[in-house]
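Novice: This structure is in structure tokens; I'll ask about it shortly.
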Amino acid sequence: MAPIVLYSTRRTPAGRAVELTAKMIGIKLDVQYIDLAKKENMTEEYLKMNPMHTVPTVNDNGVPLYDSHAIIIYLVQKYAKDDTLYPAKDLVKQANINALLHFESGVLFARLRWILEPVFYWGQTEVPQEKIDSVHKAYDLLEATLKTSGTDYLVGGTITLADISVSTSLCTLNALFPADASKYPLVLAYLKRLEQTMPHYQEINTDRANEALQLYNQKLGKV
């Protein structure tokens, strides 16, 4: 069986979530980075796999799938040796993980994209303060979530898909707009914990978040 093909970009949090999940469950991906600026996601071949022309997209031996949250659930349910990352029978824990996946897409990534897309692709050279404020409001929500959970990770005492997904957008947001340690101690402790315990976190999250920061500063004329 051929490896699953992942079409993504290096910096996108969604694609990084798929890469991290594959590492966690021990499957190999044929990673093919595409250039959105060259509209490589708008080719006829790509649109047949993903009519929404988003990244990431995977092709599992003729089965195309898109949306990182759908993809990582699929990979775990089909290929993981156990259900630690996404419990099959504990419906309450599964629902809590799902809630955090929606938080990542609807809050963290949405606010990150709201800031970066105009800067990276539309030539915007200033970011309105209201957008930066929205990032700190997202930190408020996550700080409260971590306080309520009372555990090392978002849903229980071990890493789940919630942590994998949230970590990608969160580490990029924190690279661009560092969380204040006096206001968000739990958020920063959580990020540090993930850096120490999640396999391949440095290369897939930290390093690529820093790449996003470098491009962001370049586009804004800060370097």
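Residue numbering restarts at 1 in every chain; chains get A, B, ... in the order shown in the structure tokens, and ligands count up from 1 in that same order.
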Using only C-alpha atoms, which protein or nucleic acid residues come within 8 Å of A:Leu20? Drop anything in the same chain fewer than 6 positions from it, and give the result as an mmCIF file with N, CA, C and O atoms, in the first residue's frame.

Specialist:
data_model
loop_
_atom_site.group_PDB
_atom_site.id
_atom_site.type_symbol
_atom_site.label_atom_id
_atom_site.label_comp_id
_atom_site.auth_asym_id
_atom_site.auth_seq_id
_atom_site.Cartn_x
_atom_site.Cartn_y
_atom_site.Cartn_z
ATOM 1 N N ILE A 164 -3.283 18.207 20.046
ATOM 2 C CA ILE A 164 -2.561 18.274 18.781
ATOM 3 C C ILE A 164 -3.086 19.434 17.941
ATOM 4 O O ILE A 164 -2.316 20.253 17.436
ATOM 5 N N PRO A 199 5.801 14.415 20.784
ATOM 6 C CA PRO A 199 6.850 14.072 19.822
ATOM 7 C C PRO A 199 6.853 15.004 18.611
ATOM 8 O O PRO A 199 5.788 15.363 18.088
ATOM 9 N N HIS A 200 8.050 15.418 18.202
ATOM 10 C CA HIS A 200 8.255 16.242 16.998
ATOM 11 C C HIS A 200 7.649 17.643 17.121
ATOM 12 O O HIS A 200 7.474 18.329 16.115
ATOM 13 N N TYR A 201 7.366 18.073 18.345
ATOM 14 C CA TYR A 201 6.770 19.401 18.549
ATOM 15 C C TYR A 201 7.699 20.506 18.054
ATOM 16 O O TYR A 201 7.255 21.453 17.396
ATOM 17 N N ILE A 204 7.909 20.580 14.049
ATOM 18 C CA ILE A 204 6.663 20.807 13.323
ATOM 19 C C ILE A 204 5.915 22.034 13.830
ATOM 20 O O ILE A 204 5.282 22.748 13.042
#

Novice: Excluding A:Thr145 and its own-chain neighbours fewer than 5 positions away, which residues fall within 12 Å of it when counting only C-alpha atoms? Please give them as a ChimeraX atom specification.

Specialist: /A:96,99-100,103,138-140,150-155,184,186-187,190

Novice: Determine the nearest neighbour of A:Thr160 from the options A:Met198, A:Val119, A:Ala70, A:Val92, counting only C-alpha atoms.

Specialist: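 Of A:Met198, A:Val119, A:Ala70, A:Val92, the one nearest A:Thr160 is A:Met198, counting only C-alpha atoms.
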
Novice: Select, from A:Ala95, A:Ile27, A:Val127, A:Ile72, the residue with the minimum atom-to-atom distance to A:Ile115, counting only C-alpha atoms.

Specialist: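 Under the stated criterion, the closest residue is A:Val127.
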
Novice: Could you jot down the atom CA of A:Glu45 to atom CA of A:Met1 separation for me, Å, one decimal place?

Specialist: 21.5 Å

Novice: Using only C-alpha atoms, determine which residues lie at most 9 Å from A:Lys48, disregarding the query and same-chain residues fewer than 4 positions distant; provide the list as a PDB file with C-alpha atoms, in the first residue's frame.

Specialist:
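Okay, selection-v1.pdb is ready:
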ATOM      1  CA  THR A  43      -5.733  23.048 -10.352  1.00  0.00           C
ATOM      2  CA  GLU A  44      -8.309  20.701 -11.855  1.00  0.00           C
ATOM      3  CA  PRO A  64      -9.452  12.047  -0.810  1.00  0.00           C
TER       4      PRO A  64
END

Novice: Compile the contact shell of A:Asn59 as a compact mmCIF listing (two decimals) with N, CA and C atoms, in the first residue's frame: residues with an atom at most 8 Å away, counting only C-alpha atoms, same-chain residues fewer than 6 positions apart removed.

Specialist:
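So the final result, stored in selection02.txt, reads:
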# COMPACT_ATOMS: atom_id res chain seq x y z
N ILE A 4 0.04 7.48 2.48
CA ILE A 4 -0.99 8.50 2.34
C ILE A 4 -0.31 9.79 1.90
N VAL A 5 -0.87 10.43 0.88
CA VAL A 5 -0.31 11.69 0.39
C VAL A 5 -0.98 12.85 1.13
N LEU A 6 -0.16 13.73 1.68
CA LEU A 6 -0.66 14.94 2.33
C LEU A 6 -0.27 16.15 1.49
N MET A 49 -10.14 16.56 -5.75
CA MET A 49 -9.97 16.00 -4.41
C MET A 49 -10.65 16.86 -3.36
N LEU A 65 -9.63 13.26 1.27
CA LEU A 65 -10.30 13.83 2.43
C LEU A 65 -9.75 15.22 2.69

Novice: Which is closest to A:Leu112 among A:Asn210, A:Asn205, A:Asn41, A:Thr12, if we use only C-alpha atoms?

Specialist: A:Thr12

Novice: Between atom CA of A:Lys93 and atom CA of A:Glu143, what is the distance, to one decimal in Å?

Specialist: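 Distance reported for this atom pair: 19.5 Å.
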
Novice: Can you check which residues of chain A DSSP gives as alpha helix (DSSP H) on the backbone and send them as a PDB file with C-alpha atoms, in the first residue's frame?

Specialist:
ATOM      1  CA  PRO A  13      -1.506  24.933  11.527  1.00  0.00           C
ATOM      2  CA  ALA A  14      -4.052  22.582   9.976  1.00  0.00           C
ATOM      3  CA  GLY A  15      -1.473  20.717   7.945  1.00  0.00           C
ATOM      4  CA  ARG A  16       0.873  20.554  10.897  1.00  0.00           C
ATOM      5  CA  ALA A  17      -1.885  18.900  12.936  1.00  0.00           C
ATOM      6  CA  VAL A  18      -2.053  16.121  10.340  1.00  0.00           C
ATOM      7  CA  GLU A  19       1.723  15.721  10.378  1.00  0.00           C
ATOM      8  CA  LEU A  20       1.812  15.572  14.187  1.00  0.00           C
ATOM      9  CA  THR A  21      -1.010  13.038  14.316  1.00  0.00           C
ATOM     10  CA  ALA A  22       0.737  10.802  11.801  1.00  0.00           C
ATOM     11  CA  LYS A  23       3.916  10.955  13.890  1.00  0.00           C
ATOM     12  CA  MET A  24       1.972  10.136  17.054  1.00  0.00           C
ATOM     13  CA  ILE A  25       0.369   7.010  15.569  1.00  0.00           C
ATOM     14  CA  GLU A  44      -8.309  20.701 -11.855  1.00  0.00           C
ATOM     15  CA  GLU A  45      -6.619  17.729 -10.192  1.00  0.00           C
ATOM     16  CA  TYR A  46      -6.655  19.352  -6.761  1.00  0.00           C
ATOM     17  CA  LEU A  47     -10.244  20.569  -7.022  1.00  0.00           C
ATOM     18  CA  LYS A  48     -11.377  17.017  -7.797  1.00  0.00           C
ATOM     19  CA  MET A  49      -9.973  15.995  -4.414  1.00  0.00           C
ATOM     20  CA  SER A  68      -7.693  18.776   9.279  1.00  0.00           C
ATOM     21  CA  HIS A  69     -10.116  17.858  12.050  1.00  0.00           C
ATOM     22  CA  ALA A  70     -11.890  15.300   9.889  1.00  0.00           C
ATOM     23  CA  ILE A  71      -8.544  13.975   8.662  1.00  0.00           C
ATOM     24  CA  ILE A  72      -6.928  13.481  12.071  1.00  0.00           C
ATOM     25  CA  ILE A  73     -10.010  11.695  13.434  1.00  0.00           C
ATOM     26  CA  TYR A  74      -9.998   9.447  10.362  1.00  0.00           C
ATOM     27  CA  LEU A  75      -6.305   8.641  10.722  1.00  0.00           C
ATOM     28  CA  VAL A  76      -6.637   7.708  14.380  1.00  0.00           C
ATOM     29  CA  GLN A  77      -9.767   5.632  13.904  1.00  0.00           C
ATOM     30  CA  LYS A  78      -8.301   3.760  10.942  1.00  0.00           C
ATOM     31  CA  TYR A  79      -4.607   3.440  11.745  1.00  0.00           C
ATOM     32  CA  LEU A  91     -18.570   9.499  24.371  1.00  0.00           C
ATOM     33  CA  VAL A  92     -18.232  12.228  26.988  1.00  0.00           C
ATOM     34  CA  LYS A  93     -14.471  12.495  26.475  1.00  0.00           C
ATOM     35  CA  GLN A  94     -14.971  12.309  22.730  1.00  0.00           C
ATOM     36  CA  ALA A  95     -17.490  15.168  22.894  1.00  0.00           C
ATOM     37  CA  ASN A  96     -15.064  17.260  24.954  1.00  0.00           C
ATOM     38  CA  ILE A  97     -12.340  16.654  22.377  1.00  0.00           C
ATOM     39  CA  ASN A  98     -14.735  17.627  19.603  1.00  0.00           C
ATOM     40  CA  ALA A  99     -15.549  20.858  21.439  1.00  0.00           C
ATOM     41  CA  LEU A 100     -11.861  21.788  21.541  1.00  0.00           C
ATOM     42  CA  LEU A 101     -11.427  20.914  17.855  1.00  0.00           C
ATOM     43  CA  HIS A 102     -14.211  23.394  17.112  1.00  0.00           C
ATOM     44  CA  PHE A 103     -12.509  25.924  19.404  1.00  0.00           C
ATOM     45  CA  PHE A 109      -7.268  29.509  13.715  1.00  0.00           C
ATOM     46  CA  ALA A 110     -10.043  31.865  12.640  1.00  0.00           C
ATOM     47  CA  ARG A 111      -8.377  34.764  14.464  1.00  0.00           C
ATOM     48  CA  LEU A 112      -4.940  33.810  13.193  1.00  0.00           C
ATOM     49  CA  ARG A 113      -6.189  33.697   9.618  1.00  0.00           C
ATOM     50  CA  TRP A 114      -8.049  36.992  10.091  1.00  0.00           C
ATOM     51  CA  ILE A 115      -4.690  38.584  10.819  1.00  0.00           C
ATOM     52  CA  LEU A 116      -2.322  36.727   8.506  1.00  0.00           C
ATOM     53  CA  GLU A 117      -4.269  36.344   5.266  1.00  0.00           C
ATOM     54  CA  PRO A 118      -4.425  40.099   4.512  1.00  0.00           C
ATOM     55  CA  VAL A 119      -0.751  40.480   5.433  1.00  0.00           C
ATOM     56  CA  PHE A 120       0.556  37.447   3.539  1.00  0.00           C
ATOM     57  CA  TYR A 121      -1.598  37.690   0.430  1.00  0.00           C
ATOM     58  CA  GLN A 129      -5.554  46.699  17.196  1.00  0.00           C
ATOM     59  CA  GLU A 130      -8.962  45.035  17.368  1.00  0.00           C
ATOM     60  CA  LYS A 131      -7.505  41.966  15.679  1.00  0.00           C
ATOM     61  CA  ILE A 132      -4.647  41.772  18.162  1.00  0.00           C
ATOM     62  CA  ASP A 133      -7.131  42.232  21.004  1.00  0.00           C
ATOM     63  CA  SER A 134      -9.107  39.270  19.677  1.00  0.00           C
ATOM     64  CA  VAL A 135      -6.039  37.070  20.128  1.00  0.00           C
ATOM     65  CA  HIS A 136      -5.784  37.995  23.800  1.00  0.00           C
ATOM     66  CA  LYS A 137      -9.489  37.278  24.229  1.00  0.00           C
ATOM     67  CA  ALA A 138      -8.790  33.818  22.813  1.00  0.00           C
ATOM     68  CA  TYR A 139      -6.048  33.395  25.422  1.00  0.00           C
ATOM     69  CA  ASP A 140      -8.637  34.351  28.055  1.00  0.00           C
ATOM     70  CA  LEU A 141     -10.890  31.531  26.875  1.00  0.00           C
ATOM     71  CA  LEU A 142      -8.094  28.975  26.852  1.00  0.00           C
ATOM     72  CA  GLU A 143      -6.810  30.040  30.281  1.00  0.00           C
ATOM     73  CA  ALA A 144     -10.317  29.471  31.670  1.00  0.00           C
ATOM     74  CA  THR A 145     -10.547  26.109  29.920  1.00  0.00           C
ATOM     75  CA  LEU A 146      -7.247  24.925  31.379  1.00  0.00           C
ATOM     76  CA  LYS A 147      -8.266  26.109  34.834  1.00  0.00           C
ATOM     77  CA  THR A 148     -11.529  24.193  34.597  1.00  0.00           C
ATOM     78  CA  SER A 149      -9.917  21.015  33.290  1.00  0.00           C
ATOM     79  CA  LEU A 161      -6.377  15.162  19.302  1.00  0.00           C
ATOM     80  CA  ALA A 162      -7.593  18.279  21.105  1.00  0.00           C
ATOM     81  CA  ASP A 163      -4.035  19.070  22.188  1.00  0.00           C
ATOM     82  CA  ILE A 164      -2.561  18.274  18.781  1.00  0.00           C
ATOM     83  CA  SER A 165      -4.987  20.552  16.973  1.00  0.00           C
ATOM     84  CA  VAL A 166      -4.983  23.408  19.477  1.00  0.00           C
ATOM     85  CA  SER A 167      -1.190  23.360  19.788  1.00  0.00           C
ATOM     86  CA  THR A 168      -0.663  24.236  16.135  1.00  0.00           C
ATOM     87  CA  SER A 169      -2.608  27.501  16.015  1.00  0.00           C
ATOM     88  CA  LEU A 170      -1.755  28.380  19.612  1.00  0.00           C
ATOM     89  CA  CYS A 171       2.010  28.182  19.198  1.00  0.00           C
ATOM     90  CA  THR A 172       1.828  30.342  16.064  1.00  0.00           C
ATOM     91  CA  LEU A 173      -0.357  32.919  17.792  1.00  0.00           C
ATOM     92  CA  ASN A 174       2.021  32.990  20.751  1.00  0.00           C
ATOM     93  CA  ALA A 175       5.025  33.432  18.455  1.00  0.00           C
ATOM     94  CA  LEU A 176       3.393  36.459  16.842  1.00  0.00           C
ATOM     95  CA  PRO A 185       0.248  31.395  33.312  1.00  0.00           C
ATOM     96  CA  LEU A 186      -1.702  28.230  32.543  1.00  0.00           C
ATOM     97  CA  VAL A 187      -1.556  28.825  28.789  1.00  0.00           C
ATOM     98  CA  LEU A 188       2.212  29.281  28.848  1.00  0.00           C
ATOM     99  CA  ALA A 189       2.739  26.316  31.167  1.00  0.00           C
ATOM    100  CA  TYR A 190       0.597  24.233  28.829  1.00  0.00           C
ATOM    101  CA  LEU A 191       2.650  25.247  25.797  1.00  0.00           C
ATOM    102  CA  LYS A 192       5.849  24.400  27.655  1.00  0.00           C
ATOM    103  CA  ARG A 193       4.430  21.023  28.651  1.00  0.00           C
ATOM    104  CA  LEU A 194       3.511  20.222  25.051  1.00  0.00           C
ATOM    105  CA  GLU A 195       6.976  21.215  23.893  1.00  0.00           C
ATOM    106  CA  GLN A 196       8.455  18.756  26.365  1.00  0.00           C
ATOM    107  CA  THR A 197       6.051  15.839  25.858  1.00  0.00           C
ATOM    108  CA  TYR A 201       6.770  19.401  18.549  1.00  0.00           C
ATOM    109  CA  ASP A 207      10.246  25.944  14.101  1.00  0.00           C
ATOM    110  CA  ARG A 208       7.413  26.554  11.667  1.00  0.00           C
ATOM    111  CA  ALA A 209       5.681  29.050  13.923  1.00  0.00           C
ATOM    112  CA  ASN A 210       8.957  30.952  13.879  1.00  0.00           C
ATOM    113  CA  GLU A 211       8.931  30.768  10.068  1.00  0.00           C
ATOM    114  CA  ALA A 212       5.477  32.369  10.137  1.00  0.00           C
ATOM    115  CA  LEU A 213       6.791  35.061  12.482  1.00  0.00           C
ATOM    116  CA  GLN A 214       9.707  35.821  10.174  1.00  0.00           C
ATOM    117  CA  LEU A 215       7.426  36.145   7.144  1.00  0.00           C
ATOM    118  CA  TYR A 216       4.971  38.261   9.125  1.00  0.00           C
ATOM    119  CA  ASN A 217       7.700  40.677  10.194  1.00  0.00           C
ATOM    120  CA  GLN A 218       9.045  40.768   6.660  1.00  0.00           C
ATOM    121  CA  LYS A 219       5.651  41.595   5.192  1.00  0.00           C
TER     122      LYS A 219
END

Novice: Among stretch 2-95 of chain A, which ones does DSSP place in strand (DSSP E or B), written as a PyMOL selection string?

Specialist: chain A and resi 4-8+29-33+57-60+63-66

Novice: What would the file look like if the residues just selected were written as a tab-separated table (two decimals), in the first residue's frame with N, CA and C atoms?

Specialist:
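The new file part_15.tsv reads:
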chain	number	residue	atom	x	y	z
A	4	ILE	N	0.04	7.48	2.48
A	4	ILE	CA	-0.99	8.50	2.34
A	4	ILE	C	-0.31	9.79	1.90
A	5	VAL	N	-0.87	10.43	0.88
A	5	VAL	CA	-0.31	11.69	0.39
A	5	VAL	C	-0.98	12.85	1.13
A	6	LEU	N	-0.16	13.73	1.68
A	6	LEU	CA	-0.66	14.94	2.33
A	6	LEU	C	-0.27	16.15	1.49
A	7	TYR	N	-1.26	16.90	1.06
A	7	TYR	CA	-1.03	18.17	0.36
A	7	TYR	C	-1.25	19.29	1.38
A	8	SER	N	-0.22	20.10	1.57
A	8	SER	CA	-0.31	21.11	2.62
A	8	SER	C	0.69	22.22	2.33
A	29	LEU	N	3.73	9.60	5.91
A	29	LEU	CA	3.01	10.40	4.94
A	29	LEU	C	3.96	10.79	3.81
A	30	ASP	N	3.41	10.87	2.62
A	30	ASP	CA	4.12	11.46	1.49
A	30	ASP	C	3.68	12.92	1.46
A	31	VAL	N	4.48	13.78	2.11
A	31	VAL	CA	4.09	15.18	2.27
A	31	VAL	C	4.49	15.97	1.04
A	32	GLN	N	3.51	16.62	0.43
A	32	GLN	CA	3.76	17.45	-0.75
A	32	GLN	C	3.27	18.86	-0.45
A	33	TYR	N	4.23	19.76	-0.26
A	33	TYR	CA	3.88	21.15	0.03
A	33	TYR	C	3.54	21.86	-1.27
A	57	THR	N	-5.20	18.60	2.42
A	57	THR	CA	-5.98	17.54	1.81
A	57	THR	C	-5.12	16.29	1.85
A	58	VAL	N	-5.74	15.15	2.07
A	58	VAL	CA	-5.00	13.89	1.98
A	58	VAL	C	-5.64	13.01	0.92
A	59	ASN	N	-4.83	12.13	0.38
A	59	ASN	CA	-5.32	11.11	-0.54
A	59	ASN	C	-4.82	9.77	-0.02
A	60	ASP	N	-5.74	9.00	0.54
A	60	ASP	CA	-5.41	7.69	1.12
A	60	ASP	C	-5.72	6.61	0.10
A	63	VAL	N	-8.69	7.63	-1.83
A	63	VAL	CA	-9.75	8.24	-1.02
A	63	VAL	C	-9.29	9.63	-0.59
A	64	PRO	N	-9.84	10.69	-1.20
A	64	PRO	CA	-9.45	12.05	-0.81
A	64	PRO	C	-10.29	12.54	0.36
A	65	LEU	N	-9.63	13.26	1.27
A	65	LEU	CA	-10.30	13.83	2.43
A	65	LEU	C	-9.75	15.22	2.69
A	66	TYR	N	-10.57	16.12	3.20
A	66	TYR	CA	-10.10	17.45	3.54
A	66	TYR	C	-10.69	17.88	4.86

Novice: Could you state the separation of atom CA of A:Pro128 and atom CA of A:Thr54 in Å, given to one decimal place?

Specialist: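 Going from atom CA of A:Pro128 over to atom CA of A:Thr54, I get 25.7 Å.
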
Novice: Find the residue from A:Gly221, A:Gly156, A:Pro56, A:Gly123 that sits nearest to A:Arg11; use only C-alpha atoms when measuring.

Specialist: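 Nearest candidate to A:Arg11 out of A:Gly221, A:Gly156, A:Pro56, A:Gly123: A:Pro56.
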